[in-house]
Amino acid sequence: MDNIANLIFVFGAKYLYLFIIAIAFIWFLIQPKPRKKEILIIACICLPLILVIFKIANHLYYNPRPFVVEHFKPLIYHHANNGFPSHHELLVSAISAMIFIFSRRTGFVLWVLALLVGFSRVYVGVHHMIDIVGSSLISIGSVALVCCLREYLENRKLK
């Protein structure tokens with residue numbers, strides 16, 4: 001039973017993010033052209049912002065990976081560098097948060113999968129929970145900030 005759980009979480013930690021990207025891409029392709037334009041504008045603002053905040057957070061807080069601190073071999077190979085924030089979780093959280101703006105149902109499904117990616121990364125021993133939570137908060141905060149700014153600018157344009 002342990003081996004099956006290990007296989008599931010190794011898949012979640014290494015490959016599930018690709019499935020999330022594929023779902024998001026297919027979802028994007030079936031959107032009407034005006035909505036695609038709006039999605040691309042949001043993405044072109046959010047993704048660089050998330051990357052900048054990620055780089056700042058990475059320099060401000062150092063969190064050694066669990067296998068370094070606790071001296072064990074993780075279920076997947078990883079360099080013994082700073083684990084905060086998690087790259088994988090940052091990407092899937094950003095995608096999930098941006099899609100959630102446009103489609104609650106698809107966004108919710110992607111958030112469930114994103115949480116599974118995060119939990120898998122913790123389970124296999126390459127991240128602490130704070131790395132996952134930090135990545136999710138960076139993504140949510142960045143997307144929320146861009147949405148508030150967008151709404152403010154739209155309201156201003158209407159007046």
# chains A, B, ... in the order shown; residues from 1 in each chain; ligands from 1

call {"tool": "closest_atom_pairs", "arguments": {"of": "range 72-118 of chain A", "to": "range 130-145 of chain A", "cutoff": "10 Å", "atoms": "only C-alpha atoms", "output": "tab-separated table"}}
result
residue	atom	partner	partner_atom	distance
A:Asn82	CA	A:Asp131	CA	9.6
A:Gly83	CA	A:Asp131	CA	6.3
A:Phe84	CA	A:Asp131	CA	4.7
A:Pro85	CA	A:Asp131	CA	4.6
A:Ser86	CA	A:Asp131	CA	5.4
A:His87	CA	A:Ser135	CA	7.6
A:His88	CA	A:Ser135	CA	8.7
A:Glu89	CA	A:Ser135	CA	5.9
A:Leu90	CA	A:Ser135	CA	4.6
A:Leu91	CA	A:Ser139	CA	8.1
A:Val92	CA	A:Ser136	CA	8.6
A:Ser93	CA	A:Ser136	CA	5.4
A:Ala94	CA	A:Ser139	CA	4.8
A:Ile95	CA	A:Ser139	CA	8.5
A:Ser96	CA	A:Ser139	CA	8.9
A:Ala97	CA	A:Ile140	CA	6.0
A:Met98	CA	A:Val143	CA	6.4
A:Phe100	CA	A:Val143	CA	10.0
A:Ile101	CA	A:Val143	CA	8.8
A:Trp111	CA	A:Ser136	CA	9.8
A:Ala114	CA	A:Ser136	CA	9.0
A:Leu115	CA	A:Ile132	CA	8.6
A:Val117	CA	A:Ile132	CA	9.1
A:Gly118	CA	A:Ile132	CA	5.6

call {"tool": "write_last_selection", "arguments": {"atoms": "C-alpha atoms", "output": "PDB file, in the first residue's frame"}}
result
ATOM      1  CA  ASN A  82      16.390  27.068  -1.128  1.00  0.00           C
ATOM      2  CA  GLY A  83      12.929  25.522  -1.132  1.00  0.00           C
ATOM      3  CA  PHE A  84      11.018  28.776  -0.648  1.00  0.00           C
ATOM      4  CA  PRO A  85       8.832  29.341  -2.544  1.00  0.00           C
ATOM      5  CA  SER A  86       8.025  26.246  -4.591  1.00  0.00           C
ATOM      6  CA  HIS A  87       8.407  26.717  -8.356  1.00  0.00           C
ATOM      7  CA  HIS A  88       5.886  24.008  -9.208  1.00  0.00           C
ATOM      8  CA  GLU A  89       3.263  25.311  -6.811  1.00  0.00           C
ATOM      9  CA  LEU A  90       3.845  28.890  -7.893  1.00  0.00           C
ATOM     10  CA  LEU A  91       3.150  27.999 -11.519  1.00  0.00           C
ATOM     11  CA  VAL A  92       0.039  25.899 -10.901  1.00  0.00           C
ATOM     12  CA  SER A  93      -1.340  28.390  -8.372  1.00  0.00           C
ATOM     13  CA  ALA A  94      -0.844  31.247 -10.819  1.00  0.00           C
ATOM     14  CA  ILE A  95      -2.648  29.330 -13.560  1.00  0.00           C
ATOM     15  CA  SER A  96      -5.452  28.290 -11.206  1.00  0.00           C
ATOM     16  CA  ALA A  97      -5.934  31.802  -9.828  1.00  0.00           C
ATOM     17  CA  MET A  98      -6.033  33.416 -13.276  1.00  0.00           C
ATOM     18  CA  PHE A 100     -10.653  31.136 -11.526  1.00  0.00           C
ATOM     19  CA  ILE A 101     -11.346  34.770 -12.470  1.00  0.00           C
ATOM     20  CA  TRP A 111      -7.072  24.578  -7.545  1.00  0.00           C
ATOM     21  CA  ALA A 114      -2.729  22.520  -7.543  1.00  0.00           C
ATOM     22  CA  LEU A 115      -3.234  21.575  -3.905  1.00  0.00           C
ATOM     23  CA  VAL A 117       0.763  19.122  -6.495  1.00  0.00           C
ATOM     24  CA  GLY A 118       1.706  21.037  -3.354  1.00  0.00           C
TER      25      GLY A 118
END

call {"tool": "select_by_dssp", "arguments": {"residues": "chain A", "states": "alpha helix (DSSP H)", "output": "short mmCIF file (atom, residue, chain, number, x, y, z; two decimals) with N, CA, C and O atoms, in the first residue's frame"}}
result
data_model
loop_
_atom_site.label_atom_id
_atom_site.label_comp_id
_atom_site.auth_asym_id
_atom_site.auth_seq_id
_atom_site.Cartn_x
_atom_site.Cartn_y
_atom_site.Cartn_z
N ASP A 2 1.97 1.22 0.75
CA ASP A 2 2.88 2.36 0.80
C ASP A 2 3.49 2.66 -0.57
O ASP A 2 3.66 3.82 -0.93
N ASN A 3 3.82 1.60 -1.31
CA ASN A 3 4.41 1.78 -2.64
C ASN A 3 3.44 2.45 -3.60
O ASN A 3 3.84 3.26 -4.43
N ILE A 4 2.16 2.12 -3.50
CA ILE A 4 1.15 2.74 -4.37
C ILE A 4 1.03 4.22 -4.04
O ILE A 4 1.00 5.07 -4.94
N ALA A 5 0.98 4.54 -2.75
CA ALA A 5 0.91 5.94 -2.33
C ALA A 5 2.15 6.70 -2.80
O ALA A 5 2.05 7.82 -3.31
N ASN A 6 3.31 6.08 -2.65
CA ASN A 6 4.55 6.71 -3.11
C ASN A 6 4.50 7.01 -4.60
O ASN A 6 4.88 8.09 -5.04
N LEU A 7 4.03 6.05 -5.39
CA LEU A 7 3.92 6.25 -6.84
C LEU A 7 2.97 7.39 -7.19
O LEU A 7 3.25 8.21 -8.07
N ILE A 8 1.83 7.43 -6.51
CA ILE A 8 0.84 8.49 -6.77
C ILE A 8 1.44 9.85 -6.45
O ILE A 8 1.32 10.80 -7.24
N PHE A 9 2.11 9.97 -5.30
CA PHE A 9 2.65 11.26 -4.91
C PHE A 9 3.90 11.64 -5.71
O PHE A 9 4.14 12.83 -5.93
N VAL A 10 4.66 10.67 -6.14
CA VAL A 10 5.79 10.98 -7.02
C VAL A 10 5.25 11.53 -8.34
O VAL A 10 5.76 12.52 -8.87
N PHE A 11 4.19 10.90 -8.87
CA PHE A 11 3.56 11.43 -10.09
C PHE A 11 3.05 12.85 -9.85
O PHE A 11 3.27 13.75 -10.67
N GLY A 12 2.38 13.06 -8.71
CA GLY A 12 1.86 14.38 -8.38
C GLY A 12 2.95 15.43 -8.26
O GLY A 12 2.79 16.57 -8.69
N ALA A 13 4.08 15.04 -7.70
CA ALA A 13 5.18 15.97 -7.47
C ALA A 13 5.95 16.29 -8.75
O ALA A 13 6.45 17.39 -8.92
N LYS A 14 6.06 15.30 -9.64
CA LYS A 14 6.89 15.49 -10.83
C LYS A 14 6.12 15.84 -12.10
O LYS A 14 6.64 16.57 -12.95
N LEU A 16 2.19 16.12 -12.43
CA LEU A 16 0.82 16.63 -12.40
C LEU A 16 0.73 18.08 -12.88
O LEU A 16 -0.26 18.48 -13.49
N TYR A 17 1.77 18.87 -12.65
CA TYR A 17 1.74 20.26 -13.10
C TYR A 17 1.59 20.34 -14.63
O TYR A 17 0.98 21.27 -15.15
N LEU A 18 2.12 19.36 -15.35
CA LEU A 18 1.98 19.34 -16.81
C LEU A 18 0.53 19.11 -17.22
O LEU A 18 0.06 19.70 -18.20
N PHE A 19 -0.17 18.29 -16.48
CA PHE A 19 -1.58 18.04 -16.72
C PHE A 19 -2.38 19.33 -16.50
O PHE A 19 -3.29 19.64 -17.27
N ILE A 20 -2.03 20.08 -15.46
CA ILE A 20 -2.71 21.35 -15.17
C ILE A 20 -2.47 22.34 -16.31
O ILE A 20 -3.40 23.03 -16.75
N ILE A 21 -1.25 22.40 -16.79
CA ILE A 21 -0.94 23.29 -17.91
C ILE A 21 -1.75 22.88 -19.14
O ILE A 21 -2.30 23.73 -19.85
N ALA A 22 -1.85 21.58 -19.39
CA ALA A 22 -2.61 21.10 -20.55
C ALA A 22 -4.10 21.45 -20.42
O ALA A 22 -4.71 21.91 -21.40
N ILE A 23 -4.68 21.26 -19.25
CA ILE A 23 -6.09 21.61 -19.04
C ILE A 23 -6.29 23.11 -19.28
O ILE A 23 -7.24 23.52 -19.95
N ALA A 24 -5.39 23.92 -18.73
CA ALA A 24 -5.50 25.37 -18.89
C ALA A 24 -5.38 25.77 -20.35
O ALA A 24 -6.13 26.64 -20.83
N PHE A 25 -4.49 25.14 -21.08
CA PHE A 25 -4.30 25.47 -22.49
C PHE A 25 -5.53 25.09 -23.31
O PHE A 25 -6.00 25.88 -24.14
N ILE A 26 -6.07 23.92 -23.06
CA ILE A 26 -7.28 23.48 -23.77
C ILE A 26 -8.45 24.41 -23.42
O ILE A 26 -9.21 24.82 -24.30
N TRP A 27 -8.58 24.74 -22.15
CA TRP A 27 -9.64 25.67 -21.72
C TRP A 27 -9.48 27.01 -22.45
O TRP A 27 -10.46 27.58 -22.94
N PHE A 28 -8.25 27.50 -22.53
CA PHE A 28 -7.98 28.77 -23.22
C PHE A 28 -8.38 28.68 -24.70
O PHE A 28 -9.00 29.60 -25.23
N LEU A 29 -8.06 27.58 -25.35
CA LEU A 29 -8.36 27.44 -26.78
C LEU A 29 -9.85 27.47 -27.09
O LEU A 29 -10.24 27.93 -28.18
N LYS A 33 -12.87 34.66 -28.82
CA LYS A 33 -11.73 35.53 -29.11
C LYS A 33 -11.62 36.75 -28.18
O LYS A 33 -10.52 37.04 -27.68
N PRO A 34 -12.72 37.47 -27.89
CA PRO A 34 -12.58 38.62 -26.97
C PRO A 34 -12.10 38.22 -25.57
O PRO A 34 -11.32 38.92 -24.94
N ARG A 35 -12.58 37.07 -25.10
CA ARG A 35 -12.16 36.60 -23.78
C ARG A 35 -10.70 36.17 -23.79
O ARG A 35 -9.97 36.39 -22.83
N LYS A 36 -10.24 35.56 -24.90
CA LYS A 36 -8.83 35.17 -25.02
C LYS A 36 -7.94 36.40 -24.87
O LYS A 36 -6.91 36.34 -24.21
N LYS A 37 -8.36 37.49 -25.50
CA LYS A 37 -7.58 38.73 -25.41
C LYS A 37 -7.50 39.20 -23.96
O LYS A 37 -6.42 39.56 -23.47
N GLU A 38 -8.62 39.16 -23.26
CA GLU A 38 -8.66 39.58 -21.86
C GLU A 38 -7.78 38.67 -20.99
O GLU A 38 -7.05 39.13 -20.11
N ILE A 39 -7.84 37.37 -21.25
CA ILE A 39 -7.04 36.40 -20.49
C ILE A 39 -5.55 36.67 -20.73
O ILE A 39 -4.75 36.66 -19.79
N LEU A 40 -5.18 36.92 -21.97
CA LEU A 40 -3.77 37.18 -22.29
C LEU A 40 -3.27 38.47 -21.63
O LEU A 40 -2.13 38.52 -21.16
N ILE A 41 -4.12 39.48 -21.58
CA ILE A 41 -3.72 40.73 -20.92
C ILE A 41 -3.46 40.47 -19.44
O ILE A 41 -2.44 40.90 -18.89
N ILE A 42 -4.39 39.77 -18.80
CA ILE A 42 -4.22 39.45 -17.37
C ILE A 42 -2.94 38.63 -17.17
O ILE A 42 -2.14 38.90 -16.27
N ALA A 43 -2.73 37.62 -18.01
CA ALA A 43 -1.56 36.76 -17.88
C ALA A 43 -0.26 37.54 -18.10
O ALA A 43 0.72 37.32 -17.38
N CYS A 44 -0.26 38.45 -19.06
CA CYS A 44 0.96 39.23 -19.36
C CYS A 44 1.31 40.21 -18.25
O CYS A 44 2.46 40.65 -18.15
N ILE A 45 0.34 40.53 -17.42
CA ILE A 45 0.63 41.40 -16.27
C ILE A 45 0.94 40.55 -15.03
O ILE A 45 1.90 40.80 -14.31
N CYS A 46 0.12 39.53 -14.80
CA CYS A 46 0.26 38.70 -13.59
C CYS A 46 1.55 37.89 -13.56
O CYS A 46 2.23 37.86 -12.52
N LEU A 47 1.88 37.23 -14.64
CA LEU A 47 3.03 36.32 -14.61
C LEU A 47 4.36 37.03 -14.32
O LEU A 47 5.12 36.56 -13.47
N PRO A 48 4.65 38.18 -14.97
CA PRO A 48 5.89 38.87 -14.59
C PRO A 48 5.86 39.37 -13.14
O PRO A 48 6.87 39.32 -12.44
N LEU A 49 4.69 39.85 -12.70
CA LEU A 49 4.57 40.31 -11.31
C LEU A 49 4.84 39.16 -10.34
O LEU A 49 5.58 39.32 -9.36
N ILE A 50 4.27 38.00 -10.62
CA ILE A 50 4.48 36.83 -9.77
C ILE A 50 5.96 36.45 -9.76
O ILE A 50 6.52 36.12 -8.71
N LEU A 51 6.60 36.52 -10.91
CA LEU A 51 8.02 36.18 -11.00
C LEU A 51 8.88 37.15 -10.17
O LEU A 51 9.79 36.72 -9.46
N VAL A 52 8.57 38.43 -10.24
CA VAL A 52 9.32 39.43 -9.47
C VAL A 52 9.14 39.18 -7.97
O VAL A 52 10.12 39.17 -7.20
N ILE A 53 7.90 38.96 -7.54
CA ILE A 53 7.64 38.71 -6.12
C ILE A 53 8.32 37.40 -5.69
O ILE A 53 8.87 37.31 -4.59
N PHE A 54 8.30 36.40 -6.55
CA PHE A 54 8.98 35.13 -6.27
C PHE A 54 10.47 35.37 -6.01
O PHE A 54 11.03 34.86 -5.04
N LYS A 55 11.11 36.13 -6.90
CA LYS A 55 12.56 36.38 -6.76
C LYS A 55 12.85 37.12 -5.46
O LYS A 55 13.82 36.81 -4.76
N ILE A 56 12.02 38.10 -5.13
CA ILE A 56 12.21 38.86 -3.89
C ILE A 56 12.05 37.93 -2.68
O ILE A 56 12.88 37.94 -1.76
N ALA A 57 10.97 37.14 -2.67
CA ALA A 57 10.72 36.22 -1.56
C ALA A 57 11.85 35.21 -1.41
O ALA A 57 12.27 34.88 -0.30
N ASN A 58 12.37 34.73 -2.53
CA ASN A 58 13.45 33.76 -2.54
C ASN A 58 14.71 34.34 -1.89
O ASN A 58 15.45 33.62 -1.23
N HIS A 59 14.94 35.63 -2.07
CA HIS A 59 16.12 36.26 -1.48
C HIS A 59 15.90 36.68 -0.03
O HIS A 59 16.85 36.75 0.74
N LEU A 60 14.66 36.94 0.34
CA LEU A 60 14.37 37.40 1.70
C LEU A 60 14.24 36.26 2.71
O LEU A 60 14.47 36.46 3.90
N PRO A 66 13.43 19.88 3.19
CA PRO A 66 13.26 18.92 4.30
C PRO A 66 14.31 17.82 4.33
O PRO A 66 14.80 17.46 5.40
N PHE A 67 14.70 17.31 3.17
CA PHE A 67 15.68 16.22 3.15
C PHE A 67 17.06 16.70 3.59
O PHE A 67 17.86 15.90 4.05
N VAL A 68 17.32 17.99 3.48
CA VAL A 68 18.59 18.55 3.95
C VAL A 68 18.56 18.68 5.47
O VAL A 68 19.49 18.28 6.18
N VAL A 69 17.46 19.22 5.98
CA VAL A 69 17.32 19.46 7.42
C VAL A 69 17.22 18.15 8.20
O VAL A 69 17.86 17.98 9.23
N HIS A 87 8.62 26.37 -6.94
CA HIS A 87 8.41 26.72 -8.36
C HIS A 87 7.15 26.05 -8.91
O HIS A 87 6.34 26.70 -9.58
N HIS A 88 7.02 24.76 -8.67
CA HIS A 88 5.89 24.01 -9.21
C HIS A 88 4.57 24.59 -8.69
O HIS A 88 3.64 24.82 -9.46
N GLU A 89 4.50 24.80 -7.40
CA GLU A 89 3.26 25.31 -6.81
C GLU A 89 2.99 26.73 -7.26
O GLU A 89 1.83 27.10 -7.48
N LEU A 90 4.02 27.52 -7.42
CA LEU A 90 3.85 28.89 -7.89
C LEU A 90 3.20 28.90 -9.28
O LEU A 90 2.24 29.64 -9.53
N LEU A 91 3.69 28.06 -10.16
CA LEU A 91 3.15 28.00 -11.52
C LEU A 91 1.70 27.53 -11.53
O LEU A 91 0.83 28.17 -12.15
N VAL A 92 1.41 26.42 -10.86
CA VAL A 92 0.04 25.90 -10.90
C VAL A 92 -0.94 26.78 -10.14
O VAL A 92 -2.10 26.90 -10.53
N SER A 93 -0.48 27.45 -9.10
CA SER A 93 -1.34 28.39 -8.37
C SER A 93 -1.63 29.62 -9.23
O SER A 93 -2.76 30.12 -9.22
N ALA A 94 -0.64 30.09 -9.94
CA ALA A 94 -0.84 31.25 -10.82
C ALA A 94 -1.87 30.91 -11.90
O ALA A 94 -2.80 31.69 -12.16
N ILE A 95 -1.71 29.76 -12.52
CA ILE A 95 -2.65 29.33 -13.56
C ILE A 95 -4.05 29.18 -12.97
O ILE A 95 -5.03 29.68 -13.54
N SER A 96 -4.15 28.52 -11.84
CA SER A 96 -5.45 28.29 -11.21
C SER A 96 -6.13 29.60 -10.82
O SER A 96 -7.33 29.77 -11.05
N ALA A 97 -5.37 30.52 -10.25
CA ALA A 97 -5.93 31.80 -9.83
C ALA A 97 -6.41 32.62 -11.02
O ALA A 97 -7.49 33.23 -10.98
N MET A 98 -5.63 32.64 -12.10
CA MET A 98 -6.03 33.42 -13.28
C MET A 98 -7.28 32.82 -13.94
O MET A 98 -8.18 33.55 -14.33
N ILE A 99 -7.34 31.51 -14.03
CA ILE A 99 -8.50 30.89 -14.66
C ILE A 99 -9.73 31.01 -13.77
O ILE A 99 -10.85 31.17 -14.26
N PHE A 100 -9.54 31.00 -12.46
CA PHE A 100 -10.65 31.14 -11.53
C PHE A 100 -11.41 32.45 -11.75
O PHE A 100 -12.62 32.51 -11.55
N ILE A 101 -10.71 33.48 -12.18
CA ILE A 101 -11.35 34.77 -12.47
C ILE A 101 -12.41 34.62 -13.56
O ILE A 101 -13.47 35.22 -13.49
N PHE A 102 -12.12 33.81 -14.55
CA PHE A 102 -12.97 33.69 -15.73
C PHE A 102 -13.94 32.50 -15.65
O PHE A 102 -14.99 32.53 -16.27
N ARG A 104 -15.21 29.83 -12.63
CA ARG A 104 -15.13 29.31 -11.27
C ARG A 104 -15.00 27.78 -11.26
O ARG A 104 -14.23 27.23 -10.49
N ARG A 105 -15.74 27.11 -12.14
CA ARG A 105 -15.73 25.65 -12.16
C ARG A 105 -14.35 25.12 -12.56
O ARG A 105 -13.77 24.29 -11.87
N THR A 106 -13.84 25.59 -13.69
CA THR A 106 -12.52 25.13 -14.15
C THR A 106 -11.44 25.56 -13.16
O THR A 106 -10.53 24.78 -12.85
N GLY A 107 -11.55 26.78 -12.67
CA GLY A 107 -10.59 27.27 -11.68
C GLY A 107 -10.58 26.42 -10.42
O GLY A 107 -9.52 26.11 -9.88
N PHE A 108 -11.76 26.02 -9.97
CA PHE A 108 -11.85 25.18 -8.77
C PHE A 108 -11.18 23.83 -8.99
O PHE A 108 -10.42 23.36 -8.14
N VAL A 109 -11.45 23.22 -10.15
CA VAL A 109 -10.81 21.93 -10.47
C VAL A 109 -9.29 22.10 -10.49
O VAL A 109 -8.55 21.27 -9.93
N LEU A 110 -8.82 23.18 -11.11
CA LEU A 110 -7.37 23.41 -11.16
C LEU A 110 -6.80 23.67 -9.77
O LEU A 110 -5.67 23.24 -9.47
N TRP A 111 -7.55 24.35 -8.92
CA TRP A 111 -7.07 24.58 -7.54
C TRP A 111 -6.95 23.26 -6.78
O TRP A 111 -6.00 23.07 -6.01
N VAL A 112 -7.90 22.37 -6.97
CA VAL A 112 -7.81 21.06 -6.31
C VAL A 112 -6.54 20.33 -6.78
O VAL A 112 -5.79 19.79 -5.97
N LEU A 113 -6.30 20.36 -8.08
CA LEU A 113 -5.10 19.72 -8.62
C LEU A 113 -3.83 20.42 -8.13
O LEU A 113 -2.82 19.78 -7.83
N ALA A 114 -3.88 21.76 -8.03
CA ALA A 114 -2.73 22.52 -7.54
C ALA A 114 -2.41 22.15 -6.10
O ALA A 114 -1.24 22.01 -5.72
N LEU A 115 -3.45 21.99 -5.29
CA LEU A 115 -3.23 21.58 -3.90
C LEU A 115 -2.64 20.17 -3.84
O LEU A 115 -1.80 19.89 -2.98
N LEU A 116 -3.04 19.32 -4.76
CA LEU A 116 -2.47 17.98 -4.82
C LEU A 116 -0.99 18.03 -5.22
O LEU A 116 -0.17 17.29 -4.67
N VAL A 117 -0.65 18.93 -6.14
CA VAL A 117 0.76 19.12 -6.50
C VAL A 117 1.55 19.55 -5.26
O VAL A 117 2.60 18.99 -4.94
N GLY A 118 1.02 20.55 -4.55
CA GLY A 118 1.71 21.04 -3.35
C GLY A 118 1.87 19.97 -2.29
O GLY A 118 2.96 19.78 -1.73
N PHE A 119 0.79 19.24 -2.02
CA PHE A 119 0.86 18.19 -1.02
C PHE A 119 1.85 17.11 -1.45
O PHE A 119 2.61 16.58 -0.63
N SER A 120 1.85 16.79 -2.74
CA SER A 120 2.78 15.78 -3.26
C SER A 120 4.22 16.22 -3.07
O SER A 120 5.08 15.40 -2.72
N ARG A 121 4.51 17.49 -3.31
CA ARG A 121 5.87 18.00 -3.15
C ARG A 121 6.32 17.90 -1.68
O ARG A 121 7.49 17.64 -1.40
N VAL A 122 5.39 18.10 -0.77
CA VAL A 122 5.70 17.94 0.66
C VAL A 122 5.89 16.45 0.98
O VAL A 122 6.85 16.08 1.65
N TYR A 123 4.99 15.62 0.49
CA TYR A 123 5.03 14.19 0.77
C TYR A 123 6.35 13.55 0.31
O TYR A 123 6.92 12.72 1.02
N MET A 129 5.66 22.70 4.08
CA MET A 129 4.33 23.27 3.82
C MET A 129 4.41 24.79 3.63
O MET A 129 3.67 25.35 2.82
N ILE A 130 5.31 25.47 4.32
CA ILE A 130 5.44 26.92 4.19
C ILE A 130 5.85 27.31 2.76
O ILE A 130 5.44 28.35 2.25
N ASP A 131 6.62 26.47 2.10
CA ASP A 131 7.02 26.72 0.71
C ASP A 131 5.80 26.70 -0.21
O ASP A 131 5.68 27.52 -1.13
N ILE A 132 4.90 25.77 0.06
CA ILE A 132 3.68 25.61 -0.75
C ILE A 132 2.72 26.76 -0.47
O ILE A 132 2.19 27.38 -1.40
N VAL A 133 2.48 27.03 0.79
CA VAL A 133 1.57 28.12 1.17
C VAL A 133 2.10 29.46 0.65
O VAL A 133 1.34 30.27 0.11
N GLY A 134 3.39 29.68 0.78
CA GLY A 134 3.98 30.93 0.28
C GLY A 134 3.78 31.10 -1.21
O GLY A 134 3.42 32.19 -1.69
N SER A 135 3.97 30.04 -1.96
CA SER A 135 3.77 30.09 -3.41
C SER A 135 2.32 30.41 -3.76
O SER A 135 2.04 31.23 -4.63
N SER A 136 1.40 29.74 -3.08
CA SER A 136 -0.02 29.99 -3.34
C SER A 136 -0.41 31.41 -3.00
O SER A 136 -1.14 32.07 -3.75
N LEU A 137 0.09 31.93 -1.89
CA LEU A 137 -0.24 33.30 -1.48
C LEU A 137 0.35 34.34 -2.44
O LEU A 137 -0.29 35.35 -2.73
N ILE A 138 1.55 34.08 -2.92
CA ILE A 138 2.15 34.99 -3.92
C ILE A 138 1.28 35.03 -5.16
O ILE A 138 0.98 36.12 -5.69
N SER A 139 0.83 33.89 -5.63
CA SER A 139 0.00 33.83 -6.83
C SER A 139 -1.36 34.48 -6.61
O SER A 139 -1.80 35.31 -7.40
N ILE A 140 -2.02 34.13 -5.52
CA ILE A 140 -3.35 34.69 -5.23
C ILE A 140 -3.26 36.20 -5.04
O ILE A 140 -4.06 36.95 -5.60
N GLY A 141 -2.27 36.64 -4.27
CA GLY A 141 -2.11 38.08 -4.03
C GLY A 141 -1.83 38.85 -5.30
O GLY A 141 -2.40 39.93 -5.52
N SER A 142 -0.98 38.33 -6.14
CA SER A 142 -0.65 39.00 -7.40
C SER A 142 -1.85 39.09 -8.32
O SER A 142 -2.13 40.15 -8.90
N VAL A 143 -2.56 37.99 -8.48
CA VAL A 143 -3.74 37.99 -9.35
C VAL A 143 -4.81 38.91 -8.78
O VAL A 143 -5.45 39.67 -9.52
N ALA A 144 -5.02 38.89 -7.47
CA ALA A 144 -6.01 39.77 -6.85
C ALA A 144 -5.63 41.24 -7.05
O ALA A 144 -6.50 42.07 -7.35
N LEU A 145 -4.36 41.56 -6.91
CA LEU A 145 -3.90 42.93 -7.10
C LEU A 145 -4.16 43.40 -8.54
O LEU A 145 -4.67 44.50 -8.77
N VAL A 146 -3.84 42.56 -9.50
CA VAL A 146 -4.05 42.91 -10.90
C VAL A 146 -5.54 43.06 -11.19
O VAL A 146 -5.95 43.98 -11.91
N CYS A 147 -6.37 42.20 -10.61
CA CYS A 147 -7.82 42.31 -10.82
C CYS A 147 -8.38 43.59 -10.22
O CYS A 147 -9.23 44.25 -10.83
N CYS A 148 -7.91 43.94 -9.04
CA CYS A 148 -8.35 45.20 -8.41
C CYS A 148 -7.92 46.39 -9.25
O CYS A 148 -8.70 47.33 -9.44
N LEU A 149 -6.71 46.36 -9.73
CA LEU A 149 -6.21 47.45 -10.58
C LEU A 149 -7.02 47.53 -11.87
O LEU A 149 -7.40 48.62 -12.30
N ARG A 150 -7.30 46.40 -12.46
CA ARG A 150 -8.11 46.36 -13.69
C ARG A 150 -9.50 46.93 -13.45
O ARG A 150 -10.00 47.74 -14.24
N GLU A 151 -10.13 46.53 -12.34
CA GLU A 151 -11.46 47.04 -12.01
C GLU A 151 -11.42 48.55 -11.75
O GLU A 151 -12.30 49.28 -12.21
N TYR A 152 -10.41 49.01 -11.05
CA TYR A 152 -10.26 50.44 -10.78
C TYR A 152 -10.13 51.22 -12.10
O TYR A 152 -10.79 52.26 -12.28
N LEU A 153 -9.29 50.74 -12.99
CA LEU A 153 -9.10 51.43 -14.27
C LEU A 153 -10.36 51.40 -15.12
O LEU A 153 -10.67 52.39 -15.80
N GLU A 154 -11.09 50.30 -15.10
CA GLU A 154 -12.35 50.22 -15.85
C GLU A 154 -13.39 51.19 -15.30
O GLU A 154 -14.10 51.86 -16.05
N ASN A 155 -13.48 51.27 -13.96
CA ASN A 155 -14.43 52.19 -13.34
C ASN A 155 -14.06 53.65 -13.64
O ASN A 155 -14.93 54.49 -13.83
N ARG A 156 -12.78 53.91 -13.65
CA ARG A 156 -12.31 55.25 -13.95
C ARG A 156 -12.61 55.65 -15.39
O ARG A 156 -12.96 56.79 -15.68
N LYS A 157 -12.47 54.69 -16.30
CA LYS A 157 -12.74 54.93 -17.71
C LYS A 157 -14.22 55.20 -17.94
O LYS A 157 -14.59 55.99 -18.79
N LEU A 158 -15.09 54.53 -17.16
CA LEU A 158 -16.54 54.71 -17.31
C LEU A 158 -17.00 56.08 -16.82
O LEU A 158 -18.03 56.58 -17.27
#

call {"tool": "closest_residue", "arguments": {"among": "A:Gly125, A:Ile30, A:Tyr15, A:Ser103", "to": "Ala80 in chain A", "atoms": "only C-alpha atoms"}}
result
A:Gly125

call {"tool": "atom_distance", "arguments": {"atom1": "CA of Lys73 in chain A", "atom2": "CA of His128 in chain A"}}
result
14.7 Å

call {"tool": "decode", "arguments": {"residues": "range 99-106 of chain A", "atoms": "N, CA and C atoms", "output": "PDB file, in the first residue's frame"}}
result
ATOM      1  N   ILE A  99      -7.342  31.514 -14.029  1.00  0.00           N
ATOM      2  CA  ILE A  99      -8.504  30.890 -14.663  1.00  0.00           C
ATOM      3  C   ILE A  99      -9.733  31.012 -13.775  1.00  0.00           C
ATOM      4  N   PHE A 100      -9.536  30.999 -12.460  1.00  0.00           N
ATOM      5  CA  PHE A 100     -10.653  31.136 -11.526  1.00  0.00           C
ATOM      6  C   PHE A 100     -11.406  32.449 -11.748  1.00  0.00           C
ATOM      7  N   ILE A 101     -10.712  33.478 -12.180  1.00  0.00           N
ATOM      8  CA  ILE A 101     -11.346  34.770 -12.470  1.00  0.00           C
ATOM      9  C   ILE A 101     -12.406  34.619 -13.559  1.00  0.00           C
ATOM     10  N   PHE A 102     -12.117  33.810 -14.551  1.00  0.00           N
ATOM     11  CA  PHE A 102     -12.973  33.686 -15.728  1.00  0.00           C
ATOM     12  C   PHE A 102     -13.936  32.502 -15.653  1.00  0.00           C
ATOM     13  N   SER A 103     -13.553  31.447 -14.958  1.00  0.00           N
ATOM     14  CA  SER A 103     -14.389  30.254 -14.853  1.00  0.00           C
ATOM     15  C   SER A 103     -14.215  29.641 -13.470  1.00  0.00           C
ATOM     16  N   ARG A 104     -15.211  29.828 -12.634  1.00  0.00           N
ATOM     17  CA  ARG A 104     -15.131  29.307 -11.269  1.00  0.00           C
ATOM     18  C   ARG A 104     -15.000  27.775 -11.264  1.00  0.00           C
ATOM     19  N   ARG A 105     -15.745  27.112 -12.140  1.00  0.00           N
ATOM     20  CA  ARG A 105     -15.731  25.650 -12.159  1.00  0.00           C
ATOM     21  C   ARG A 105     -14.354  25.116 -12.562  1.00  0.00           C
ATOM     22  N   THR A 106     -13.837  25.589 -13.689  1.00  0.00           N
ATOM     23  CA  THR A 106     -12.520  25.127 -14.149  1.00  0.00           C
ATOM     24  C   THR A 106     -11.440  25.556 -13.162  1.00  0.00           C
TER      25      THR A 106
END
